[in-house]
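Student: This is the structure I have questions about; it appears just below.
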Amino acid sequence: MSDLMKRLSAADPARRARLDAVDEAAFAALREEITMTSTDGATAPALPTAGDPLPRRRRLGRRGAVALGLAGVLTGGGVAYAAIQAFQGSSGEGVTCVHAWTADTAEGLDVDAAGSWITGDPYADCTTLLAEAGLPPIEDPVAFAWDGQTVVAPAGQVPEGVQRLEGSQAVGTGVVELQQSVVDPVDGGWSECRSVAEGATWAQGEIDRLGLQDWTVASEDPSGTSPSCSHLEVNVGERTLTVSPSEDPYQRLSAPDADAMIGALRDRVVDECLPADEARAVADEAVASFDFEVPTREVTDESAGCSRVDVFLGGTIEVTVYGPSAAG
């Protein structure tokens with residue numbers, strides 16, 4: 001057993017965090033991630049130039065699987081929220097933010113804030129994630145790659161031997177929205193049961209809408225006794241969106257509060273034409289019934305005529321509104 005695992009065992013975070021309430025499927029998904037993760041080597045991979053995909057040590061596209069695993073504690077609040085945020089930050093699907101870099105930070109501990117991409121700009125996203133955690137922004141921040149993660153830390157504490165991010169965009173905004181859209185139950189990938197063929201058509205439409213011209217759609221054979229619905233998996237490194245047979249992706253997440261929120265967003269954002277601030281107000285109202293804080297985020301998109309919304313469910317809830325300052 002490694003020193004890290006000994007420390008975790010002694011601390012017994014499951015007892016303190018009531019992780020016994022988490023569905024076993026959550027741990028199954030997380031275990032798969034752990035077994036696919038290498039901790040060998042002391043040299044961090046260099047960041048590519050702006051526009052290239054970041055190196056990944058883990059297979060991408062597991063966000064949806066972990067979401068399903070954590071669905072059993074959807075309304076549990078803090079424990080599941082912290083778990084999914086930490087996973088997203090460390091999995092290459094988001095950013096990790098620290099005011100002080102330590103040896104434990106390299107192992108995913110002593111992290112001030114972490115989460116999935118909001119805009120793809122690590123500096124802006126860390127500022128948002130830290131603010132949501134009630135923490136100040138990082139002074140003199142620098143973004144860099146560390147073992148497949150994107151990390152933001154003070155310039156004076158950046159580890160030696162890493163290449164700092166050039167520019168402020170680690171992941172394209174279209175890719176960020178694609179990752180959110182494929183698991184969105186409002187009008188996205190999880191909004192209905194689509195066959196593999198229907199899912200592939202929807203996926204190609206999203207790629208076209210987001211202007212991801214070098215992306216492709218791959219479909220798995222739904223022959224035999226495969227489920228009748230489909231699941232979409234984003235692979236940023238390979239620039240592919242894979243459609244595979246699946247059960248109804250939203251069925252397990254369905255709950256009265258979640259259904260009411262989704263219905264409100266469909267009726268008042270998707271079916272109407274609102275500017276971003278009004279759509280954000282609708283989102284704030286729609287999540288007010290939950291007994292834990294739900295972050296709602298607003299991303300300006302002046303090219304859009306009307307606002308659109310993506311929701312992430314599973315252990316946590318995140319609502320992102322994209323829209324113009326004036327609609328119509």
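Letters A, B, ... go to the chains of the structure tokens in the order shown; residues in each chain start at 1; ligands are counted from 1 in the same order.
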Can you check which residues of stretch 91-294 of chain A DSSP gives as helix (DSSP H, G or I) on the backbone and send them as number ranges by chain?

Tutor: A: 105-107, 122-132, 155-157, 173-181, 196-209, 251-253, 256-270, 276-286

Student: Which residues come within 7 Å of A:Val95, counting only C-alpha atoms, excluding same-chain residues fewer than 2 positions away, as a ChimeraX atom specification?

Tutor: /A:89,97,114-117,122,149-151

Student: Considering only strand (DSSP E or B) as DSSP defines it on the backbone, what residues of stretch 127-253 of chain A qualify? List them as an NGL selection string.

Tutor: :A and (141-146 or 149-154 or 164 or 216-219 or 229-235 or 240-246)

Student: Considering only C-alpha atoms, return as a short mmCIF file (atom, residue, chain, number, x, y, z; two decimals) with all heavy atoms, in the first residue's frame whatever protein or nucleic-acid residues lie within 12 Å of A:Val152, sequence-local ones (same chain, fewer than 3 positions apart) excluded.

Tutor:
data_model
loop_
_atom_site.label_atom_id
_atom_site.label_comp_id
_atom_site.auth_asym_id
_atom_site.auth_seq_id
_atom_site.Cartn_x
_atom_site.Cartn_y
_atom_site.Cartn_z
N GLY A 89 -11.87 17.73 -12.22
CA GLY A 89 -10.64 18.49 -12.26
C GLY A 89 -9.43 17.63 -12.53
O GLY A 89 -8.50 18.03 -13.24
N GLY A 94 -11.33 19.00 -16.88
CA GLY A 94 -11.52 20.27 -16.20
C GLY A 94 -10.20 20.82 -15.68
O GLY A 94 -9.14 20.50 -16.21
N VAL A 95 -10.28 21.64 -14.63
CA VAL A 95 -9.11 22.34 -14.14
C VAL A 95 -9.02 22.21 -12.62
O VAL A 95 -10.04 22.11 -11.94
CB VAL A 95 -9.16 23.84 -14.55
CG1 VAL A 95 -10.36 24.54 -13.94
CG2 VAL A 95 -7.87 24.56 -14.21
N THR A 96 -7.80 22.20 -12.11
CA THR A 96 -7.52 22.15 -10.68
C THR A 96 -6.87 23.46 -10.27
O THR A 96 -5.94 23.93 -10.95
CB THR A 96 -6.58 20.97 -10.34
OG1 THR A 96 -7.25 19.74 -10.66
CG2 THR A 96 -6.21 20.96 -8.88
N CYS A 97 -7.32 24.05 -9.16
CA CYS A 97 -6.87 25.38 -8.75
C CYS A 97 -6.31 25.32 -7.33
O CYS A 97 -6.98 24.82 -6.42
CB CYS A 97 -8.03 26.37 -8.79
SG CYS A 97 -9.15 26.17 -10.22
N VAL A 98 -5.08 25.82 -7.14
CA VAL A 98 -4.45 25.79 -5.82
C VAL A 98 -3.77 27.12 -5.52
O VAL A 98 -3.17 27.73 -6.40
CB VAL A 98 -3.43 24.65 -5.70
CG1 VAL A 98 -4.11 23.29 -5.80
CG2 VAL A 98 -2.35 24.75 -6.77
N HIS A 99 -3.86 27.56 -4.27
CA HIS A 99 -3.12 28.74 -3.83
C HIS A 99 -1.70 28.37 -3.41
O HIS A 99 -0.84 29.23 -3.33
CB HIS A 99 -3.84 29.42 -2.67
CG HIS A 99 -5.10 30.12 -3.06
ND1 HIS A 99 -6.35 29.54 -2.96
CD2 HIS A 99 -5.31 31.37 -3.57
CE1 HIS A 99 -7.27 30.40 -3.38
NE2 HIS A 99 -6.67 31.51 -3.77
N ALA A 100 -1.49 27.08 -3.10
CA ALA A 100 -0.16 26.62 -2.68
C ALA A 100 0.07 25.22 -3.23
O ALA A 100 -0.74 24.31 -3.00
CB ALA A 100 -0.05 26.64 -1.16
N TRP A 101 1.15 25.05 -3.96
CA TRP A 101 1.49 23.75 -4.54
C TRP A 101 2.30 22.95 -3.53
O TRP A 101 3.31 23.43 -3.01
CB TRP A 101 2.28 23.93 -5.82
CG TRP A 101 2.74 22.64 -6.44
CD1 TRP A 101 3.92 22.01 -6.26
CD2 TRP A 101 2.00 21.82 -7.34
NE1 TRP A 101 3.97 20.84 -6.97
CE2 TRP A 101 2.80 20.70 -7.66
CE3 TRP A 101 0.73 21.93 -7.92
CZ2 TRP A 101 2.38 19.71 -8.53
CZ3 TRP A 101 0.32 20.93 -8.78
CH2 TRP A 101 1.14 19.84 -9.08
N THR A 105 -0.62 17.98 -3.43
CA THR A 105 -1.40 18.51 -4.56
C THR A 105 -1.17 17.65 -5.80
O THR A 105 -2.08 17.40 -6.58
CB THR A 105 -1.01 19.96 -4.85
OG1 THR A 105 -1.19 20.74 -3.67
CG2 THR A 105 -1.87 20.53 -5.97
N VAL A 111 -6.32 20.50 -2.60
CA VAL A 111 -6.78 21.29 -3.75
C VAL A 111 -7.82 22.30 -3.25
O VAL A 111 -8.73 21.94 -2.51
CB VAL A 111 -7.39 20.38 -4.83
CG1 VAL A 111 -8.07 21.20 -5.91
CG2 VAL A 111 -6.30 19.49 -5.42
N ASP A 112 -7.66 23.55 -3.64
CA ASP A 112 -8.61 24.57 -3.19
C ASP A 112 -9.92 24.51 -3.95
O ASP A 112 -10.99 24.71 -3.39
CB ASP A 112 -7.98 25.96 -3.35
CG ASP A 112 -6.81 26.17 -2.41
OD1 ASP A 112 -6.95 25.83 -1.22
OD2 ASP A 112 -5.75 26.66 -2.86
N ALA A 113 -9.85 24.27 -5.24
CA ALA A 113 -11.06 24.16 -6.06
C ALA A 113 -10.74 23.34 -7.30
O ALA A 113 -9.60 23.37 -7.79
CB ALA A 113 -11.59 25.53 -6.45
N ALA A 114 -11.73 22.62 -7.79
CA ALA A 114 -11.56 21.84 -9.02
C ALA A 114 -12.93 21.65 -9.63
O ALA A 114 -13.95 21.69 -8.95
CB ALA A 114 -10.91 20.49 -8.71
N ASP A 121 -11.01 28.43 -20.46
CA ASP A 121 -9.95 29.33 -20.03
C ASP A 121 -9.63 28.99 -18.57
O ASP A 121 -10.45 29.24 -17.69
CB ASP A 121 -10.42 30.78 -20.14
CG ASP A 121 -9.39 31.80 -19.66
OD1 ASP A 121 -8.48 31.43 -18.89
OD2 ASP A 121 -9.51 32.98 -20.04
N PRO A 122 -8.46 28.39 -18.29
CA PRO A 122 -8.18 27.94 -16.92
C PRO A 122 -8.14 29.08 -15.91
O PRO A 122 -8.50 28.89 -14.75
CB PRO A 122 -6.82 27.25 -17.03
CG PRO A 122 -6.20 27.80 -18.27
CD PRO A 122 -7.34 28.09 -19.20
N TYR A 123 -7.72 30.27 -16.33
CA TYR A 123 -7.65 31.40 -15.41
C TYR A 123 -9.05 31.87 -15.03
O TYR A 123 -9.37 32.05 -13.85
CB TYR A 123 -6.85 32.54 -16.04
CG TYR A 123 -5.44 32.13 -16.41
CD1 TYR A 123 -5.10 31.84 -17.73
CD2 TYR A 123 -4.45 32.03 -15.44
CE1 TYR A 123 -3.81 31.45 -18.07
CE2 TYR A 123 -3.15 31.65 -15.77
CZ TYR A 123 -2.84 31.37 -17.08
OH TYR A 123 -1.58 30.98 -17.42
N ALA A 124 -9.89 32.06 -16.02
CA ALA A 124 -11.26 32.49 -15.75
C ALA A 124 -12.04 31.42 -15.00
O ALA A 124 -12.79 31.72 -14.05
CB ALA A 124 -11.97 32.83 -17.06
N ASP A 125 -11.85 30.16 -15.39
CA ASP A 125 -12.60 29.09 -14.75
C ASP A 125 -12.17 28.89 -13.30
O ASP A 125 -13.01 28.61 -12.43
CB ASP A 125 -12.45 27.79 -15.54
CG ASP A 125 -13.17 27.85 -16.89
OD1 ASP A 125 -13.83 28.88 -17.16
OD2 ASP A 125 -13.06 26.90 -17.67
N CYS A 126 -10.88 29.04 -13.02
CA CYS A 126 -10.42 28.93 -11.63
C CYS A 126 -10.98 30.08 -10.79
O CYS A 126 -11.36 29.88 -9.63
CB CYS A 126 -8.90 28.91 -11.55
SG CYS A 126 -8.20 27.23 -11.62
N THR A 127 -11.02 31.26 -11.36
CA THR A 127 -11.59 32.39 -10.62
C THR A 127 -13.04 32.09 -10.25
O THR A 127 -13.48 32.34 -9.12
CB THR A 127 -11.52 33.68 -11.47
OG1 THR A 127 -10.14 34.00 -11.71
CG2 THR A 127 -12.17 34.84 -10.74
N LEU A 129 -14.53 29.01 -10.04
CA LEU A 129 -14.61 27.87 -9.12
C LEU A 129 -14.19 28.27 -7.71
O LEU A 129 -14.79 27.83 -6.72
CB LEU A 129 -13.73 26.73 -9.64
CG LEU A 129 -14.22 26.04 -10.91
CD1 LEU A 129 -13.13 25.13 -11.49
CD2 LEU A 129 -15.48 25.23 -10.64
N LEU A 130 -13.16 29.10 -7.59
CA LEU A 130 -12.72 29.55 -6.28
C LEU A 130 -13.78 30.45 -5.63
O LEU A 130 -14.04 30.34 -4.43
CB LEU A 130 -11.38 30.29 -6.40
CG LEU A 130 -10.17 29.42 -6.69
CD1 LEU A 130 -8.99 30.26 -7.14
CD2 LEU A 130 -9.78 28.60 -5.46
N PRO A 137 -9.28 34.80 -5.61
CA PRO A 137 -8.55 34.34 -6.79
C PRO A 137 -7.08 34.13 -6.48
O PRO A 137 -6.57 34.61 -5.46
CB PRO A 137 -8.76 35.47 -7.80
CG PRO A 137 -9.04 36.68 -6.96
CD PRO A 137 -9.79 36.18 -5.77
N ILE A 138 -6.40 33.41 -7.34
CA ILE A 138 -4.96 33.15 -7.19
C ILE A 138 -4.19 34.36 -7.68
O ILE A 138 -4.43 34.86 -8.77
CB ILE A 138 -4.55 31.89 -7.98
CG1 ILE A 138 -5.30 30.67 -7.44
CG2 ILE A 138 -3.05 31.67 -7.93
CD1 ILE A 138 -5.18 29.44 -8.32
N GLU A 139 -3.25 34.82 -6.87
CA GLU A 139 -2.42 35.95 -7.27
C GLU A 139 -1.31 35.49 -8.21
O GLU A 139 -0.68 34.46 -7.97
CB GLU A 139 -1.81 36.63 -6.04
CG GLU A 139 -2.84 37.29 -5.13
CD GLU A 139 -2.19 38.07 -4.01
OE1 GLU A 139 -0.95 38.22 -4.03
OE2 GLU A 139 -2.92 38.53 -3.11
N ASP A 140 -1.09 36.25 -9.28
CA ASP A 140 -0.06 35.93 -10.28
C ASP A 140 -0.19 34.47 -10.74
O ASP A 140 0.74 33.69 -10.64
CB ASP A 140 1.33 36.18 -9.69
CG ASP A 140 2.42 36.19 -10.77
OD1 ASP A 140 2.07 36.31 -11.96
OD2 ASP A 140 3.61 36.07 -10.40
N PRO A 141 -1.35 34.10 -11.26
CA PRO A 141 -1.60 32.70 -11.61
C PRO A 141 -0.88 32.27 -12.88
O PRO A 141 -0.67 33.06 -13.80
CB PRO A 141 -3.11 32.66 -11.82
CG PRO A 141 -3.44 34.03 -12.32
CD PRO A 141 -2.51 34.96 -11.57
N VAL A 142 -0.53 30.99 -12.91
CA VAL A 142 0.07 30.37 -14.09
C VAL A 142 -0.59 29.02 -14.31
O VAL A 142 -0.78 28.24 -13.36
CB VAL A 142 1.60 30.18 -13.92
CG1 VAL A 142 2.15 29.29 -15.02
CG2 VAL A 142 2.30 31.52 -13.93
N ALA A 143 -0.98 28.73 -15.53
CA ALA A 143 -1.58 27.44 -15.88
C ALA A 143 -0.52 26.54 -16.50
O ALA A 143 0.31 26.99 -17.30
CB ALA A 143 -2.73 27.64 -16.86
N PHE A 144 -0.54 25.27 -16.12
CA PHE A 144 0.43 24.31 -16.66
C PHE A 144 -0.16 22.91 -16.61
O PHE A 144 -1.21 22.67 -16.00
CB PHE A 144 1.73 24.36 -15.85
CG PHE A 144 1.57 24.05 -14.37
CD1 PHE A 144 1.75 22.77 -13.89
CD2 PHE A 144 1.22 25.06 -13.49
CE1 PHE A 144 1.59 22.49 -12.54
CE2 PHE A 144 1.07 24.81 -12.13
CZ PHE A 144 1.25 23.51 -11.66
N ALA A 145 0.49 21.97 -17.30
CA ALA A 145 0.04 20.58 -17.32
C ALA A 145 0.80 19.79 -16.26
O ALA A 145 2.01 19.98 -16.08
CB ALA A 145 0.29 19.96 -18.69
N TRP A 146 0.07 18.93 -15.58
CA TRP A 146 0.72 18.05 -14.60
C TRP A 146 0.05 16.68 -14.67
O TRP A 146 -1.09 16.51 -14.27
CB TRP A 146 0.62 18.61 -13.18
CG TRP A 146 1.29 17.73 -12.17
CD1 TRP A 146 0.72 16.70 -11.47
CD2 TRP A 146 2.66 17.77 -11.78
NE1 TRP A 146 1.65 16.10 -10.66
CE2 TRP A 146 2.85 16.74 -10.82
CE3 TRP A 146 3.74 18.58 -12.12
CZ2 TRP A 146 4.08 16.50 -10.23
CZ3 TRP A 146 4.96 18.34 -11.51
CH2 TRP A 146 5.13 17.32 -10.59
N GLN A 149 -3.38 16.58 -16.06
CA GLN A 149 -4.30 17.58 -15.54
C GLN A 149 -3.89 18.98 -16.03
O GLN A 149 -2.74 19.20 -16.36
CB GLN A 149 -4.27 17.60 -14.01
CG GLN A 149 -4.55 16.28 -13.33
CD GLN A 149 -4.41 16.39 -11.84
OE1 GLN A 149 -4.98 17.29 -11.22
NE2 GLN A 149 -3.65 15.49 -11.25
N ALA A 155 2.62 31.77 -9.70
CA ALA A 155 3.80 31.65 -10.57
C ALA A 155 5.03 31.17 -9.81
O ALA A 155 5.82 30.37 -10.32
CB ALA A 155 4.09 33.00 -11.22
N GLY A 156 5.20 31.62 -8.57
CA GLY A 156 6.38 31.25 -7.80
C GLY A 156 6.37 29.82 -7.31
O GLY A 156 7.38 29.36 -6.76
N GLN A 157 5.25 29.09 -7.52
CA GLN A 157 5.16 27.72 -7.01
C GLN A 157 4.97 26.69 -8.13
O GLN A 157 4.69 25.53 -7.85
CB GLN A 157 4.01 27.63 -6.01
CG GLN A 157 4.20 28.52 -4.80
CD GLN A 157 3.17 28.25 -3.73
OE1 GLN A 157 2.72 27.12 -3.54
NE2 GLN A 157 2.78 29.29 -3.01
N VAL A 158 5.14 27.11 -9.35
CA VAL A 158 5.01 26.17 -10.45
C VAL A 158 6.17 25.18 -10.40
O VAL A 158 7.33 25.59 -10.33
CB VAL A 158 5.01 26.90 -11.81
CG1 VAL A 158 4.99 25.90 -12.96
CG2 VAL A 158 3.82 27.85 -11.89
N PRO A 159 5.91 23.87 -10.41
CA PRO A 159 7.00 22.89 -10.33
C PRO A 159 7.97 23.02 -11.50
O PRO A 159 7.60 23.43 -12.60
CB PRO A 159 6.26 21.54 -10.40
CG PRO A 159 4.85 21.85 -10.01
CD PRO A 159 4.58 23.25 -10.49
N ARG A 164 4.56 25.86 -19.26
CA ARG A 164 3.40 26.66 -18.93
C ARG A 164 2.51 26.84 -20.16
O ARG A 164 2.98 26.82 -21.28
CB ARG A 164 3.85 28.03 -18.38
CG ARG A 164 4.75 27.88 -17.17
CD ARG A 164 5.17 29.24 -16.61
NE ARG A 164 6.06 29.07 -15.46
CZ ARG A 164 6.40 30.04 -14.64
NH1 ARG A 164 5.93 31.28 -14.84
NH2 ARG A 164 7.19 29.81 -13.62
N LEU A 165 1.24 27.02 -19.89
CA LEU A 165 0.29 27.21 -20.97
C LEU A 165 0.53 28.55 -21.66
O LEU A 165 0.60 29.59 -21.01
CB LEU A 165 -1.14 27.18 -20.41
CG LEU A 165 -2.27 27.47 -21.39
CD1 LEU A 165 -2.35 26.39 -22.45
CD2 LEU A 165 -3.59 27.61 -20.67
N SER A 168 -4.48 31.85 -23.09
CA SER A 168 -5.44 31.65 -22.01
C SER A 168 -6.49 30.60 -22.31
O SER A 168 -7.38 30.36 -21.49
CB SER A 168 -6.14 32.98 -21.68
OG SER A 168 -6.86 33.45 -22.82
N ALA A 170 -7.16 26.75 -22.88
CA ALA A 170 -6.64 25.38 -22.86
C ALA A 170 -7.47 24.46 -23.73
O ALA A 170 -6.95 23.54 -24.36
CB ALA A 170 -6.61 24.87 -21.42
#

Student: Could you build a table of the residues in stretch 226-255 of chain A lying no more than 6 Å from stretch 181-194 of chain A, giving for each the nearest pair of atoms and their separation in Å rounded to one decimal place, using only C-alpha atoms, ordered by chain and ascending residue number, as a tab-separated table?

Tutor:
residue	atom	partner	partner_atom	distance
A:Cys229	CA	A:Arg194	CA	5.0
A:Ser230	CA	A:Arg194	CA	5.8
A:Asp248	CA	A:Cys193	CA	5.4
A:Pro249	CA	A:Trp190	CA	5.6
A:Tyr250	CA	A:Trp190	CA	5.6

Student: Measure the distance from atom CA of A:Cys306 to atom CA of A:Thr320 in Å and round it to one decimal.

Tutor: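 That distance, rounded to one decimal, is 14.1 Å.
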
Student: Can you tell me how far atom CA of A:Thr173 sits from atom CA of A:Pro295, in Å to one decimal?

Tutor: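 Atom-to-atom, atom CA of A:Thr173 to atom CA of A:Pro295, that is 19.2 Å.
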
Student: Skip A:Tyr322 itself and residues of its chain fewer than 5 positions away, then list as a PDB file with all heavy atoms, in the first residue's frame all residues within 8 Å of it, counting only C-alpha atoms.

Tutor:
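Wrote it out as part18.pdb, contents follow:
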ATOM      1  N   ALA A 276     -29.171  36.513 -22.141  1.00  0.00           N
ATOM      2  CA  ALA A 276     -28.476  35.670 -21.169  1.00  0.00           C
ATOM      3  C   ALA A 276     -28.879  35.977 -19.735  1.00  0.00           C
ATOM      4  O   ALA A 276     -29.057  35.058 -18.916  1.00  0.00           O
ATOM      5  CB  ALA A 276     -26.970  35.819 -21.343  1.00  0.00           C
ATOM      6  N   GLU A 298     -23.167  31.783 -16.388  1.00  0.00           N
ATOM      7  CA  GLU A 298     -23.579  32.513 -17.578  1.00  0.00           C
ATOM      8  C   GLU A 298     -22.371  32.753 -18.465  1.00  0.00           C
ATOM      9  O   GLU A 298     -21.368  33.301 -18.015  1.00  0.00           O
ATOM     10  CB  GLU A 298     -24.210  33.845 -17.153  1.00  0.00           C
ATOM     11  CG  GLU A 298     -24.725  34.703 -18.296  1.00  0.00           C
ATOM     12  CD  GLU A 298     -25.320  36.000 -17.768  1.00  0.00           C
ATOM     13  OE1 GLU A 298     -25.870  35.997 -16.646  1.00  0.00           O
ATOM     14  OE2 GLU A 298     -25.224  37.021 -18.488  1.00  0.00           O
ATOM     15  N   VAL A 299     -22.440  32.302 -19.701  1.00  0.00           N
ATOM     16  CA  VAL A 299     -21.367  32.467 -20.668  1.00  0.00           C
ATOM     17  C   VAL A 299     -21.897  33.318 -21.817  1.00  0.00           C
ATOM     18  O   VAL A 299     -22.885  32.954 -22.469  1.00  0.00           O
ATOM     19  CB  VAL A 299     -20.861  31.112 -21.195  1.00  0.00           C
ATOM     20  CG1 VAL A 299     -19.762  31.322 -22.230  1.00  0.00           C
ATOM     21  CG2 VAL A 299     -20.348  30.239 -20.048  1.00  0.00           C
ATOM     22  N   THR A 300     -21.255  34.447 -22.067  1.00  0.00           N
ATOM     23  CA  THR A 300     -21.707  35.355 -23.117  1.00  0.00           C
ATOM     24  C   THR A 300     -21.416  34.784 -24.493  1.00  0.00           C
ATOM     25  O   THR A 300     -20.310  34.326 -24.771  1.00  0.00           O
ATOM     26  CB  THR A 300     -21.029  36.728 -22.977  1.00  0.00           C
ATOM     27  OG1 THR A 300     -21.351  37.277 -21.698  1.00  0.00           O
ATOM     28  CG2 THR A 300     -21.502  37.680 -24.064  1.00  0.00           C
ATOM     29  N   ASP A 301     -22.423  34.807 -25.351  1.00  0.00           N
ATOM     30  CA  ASP A 301     -22.278  34.385 -26.743  1.00  0.00           C
ATOM     31  C   ASP A 301     -23.083  35.354 -27.599  1.00  0.00           C
ATOM     32  O   ASP A 301     -24.276  35.159 -27.828  1.00  0.00           O
ATOM     33  CB  ASP A 301     -22.771  32.953 -26.932  1.00  0.00           C
ATOM     34  CG  ASP A 301     -22.630  32.470 -28.372  1.00  0.00           C
ATOM     35  OD1 ASP A 301     -22.104  33.230 -29.203  1.00  0.00           O
ATOM     36  OD2 ASP A 301     -23.054  31.333 -28.671  1.00  0.00           O
ATOM     37  N   SER A 307     -30.819  32.604 -25.970  1.00  0.00           N
ATOM     38  CA  SER A 307     -30.030  31.840 -25.005  1.00  0.00           C
ATOM     39  C   SER A 307     -30.344  30.351 -25.102  1.00  0.00           C
ATOM     40  O   SER A 307     -31.437  29.947 -25.519  1.00  0.00           O
ATOM     41  CB  SER A 307     -30.311  32.322 -23.583  1.00  0.00           C
ATOM     42  OG  SER A 307     -29.818  33.621 -23.385  1.00  0.00           O
ATOM     43  N   ARG A 308     -29.400  29.543 -24.721  1.00  0.00           N
ATOM     44  CA  ARG A 308     -29.557  28.103 -24.623  1.00  0.00           C
ATOM     45  C   ARG A 308     -28.996  27.677 -23.267  1.00  0.00           C
ATOM     46  O   ARG A 308     -28.258  28.433 -22.633  1.00  0.00           O
ATOM     47  CB  ARG A 308     -28.844  27.397 -25.777  1.00  0.00           C
ATOM     48  CG  ARG A 308     -27.365  27.698 -25.881  1.00  0.00           C
ATOM     49  CD  ARG A 308     -26.797  27.250 -27.218  1.00  0.00           C
ATOM     50  NE  ARG A 308     -25.338  27.457 -27.288  1.00  0.00           N
ATOM     51  CZ  ARG A 308     -24.765  28.601 -27.631  1.00  0.00           C
ATOM     52  NH1 ARG A 308     -25.510  29.661 -27.949  1.00  0.00           N
ATOM     53  NH2 ARG A 308     -23.443  28.709 -27.687  1.00  0.00           N
ATOM     54  N   VAL A 309     -29.300  26.471 -22.835  1.00  0.00           N
ATOM     55  CA  VAL A 309     -28.913  26.049 -21.497  1.00  0.00           C
ATOM     56  C   VAL A 309     -28.488  24.594 -21.507  1.00  0.00           C
ATOM     57  O   VAL A 309     -29.066  23.767 -22.227  1.00  0.00           O
ATOM     58  CB  VAL A 309     -30.076  26.271 -20.493  1.00  0.00           C
ATOM     59  CG1 VAL A 309     -31.300  25.461 -20.888  1.00  0.00           C
ATOM     60  CG2 VAL A 309     -29.652  25.950 -19.067  1.00  0.00           C
TER      61      VAL A 309
END

Student: Kindly indicate which residue among A:Val294, A:Leu232, A:Ala260, A:Val217 lies nearest to A:Glu132, using only C-alpha atoms for the distances.

Tutor: A:Val294

Student: Restricting the calculation to only C-alpha atoms, which member of A:Val321, A:Val282, A:Ala203, A:Val162 is positioned closest to A:Gly148?

Tutor: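 Looking at the shortest contact to A:Gly148, the residue is A:Val162.
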
Student: Enter the distance from atom CA of A:Ala279 to atom CA of A:Ile207, in Å, rounded to one decimal.

Tutor: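 Atom-to-atom, atom CA of A:Ala279 and atom CA of A:Ile207 are spaced 23.8 Å apart.
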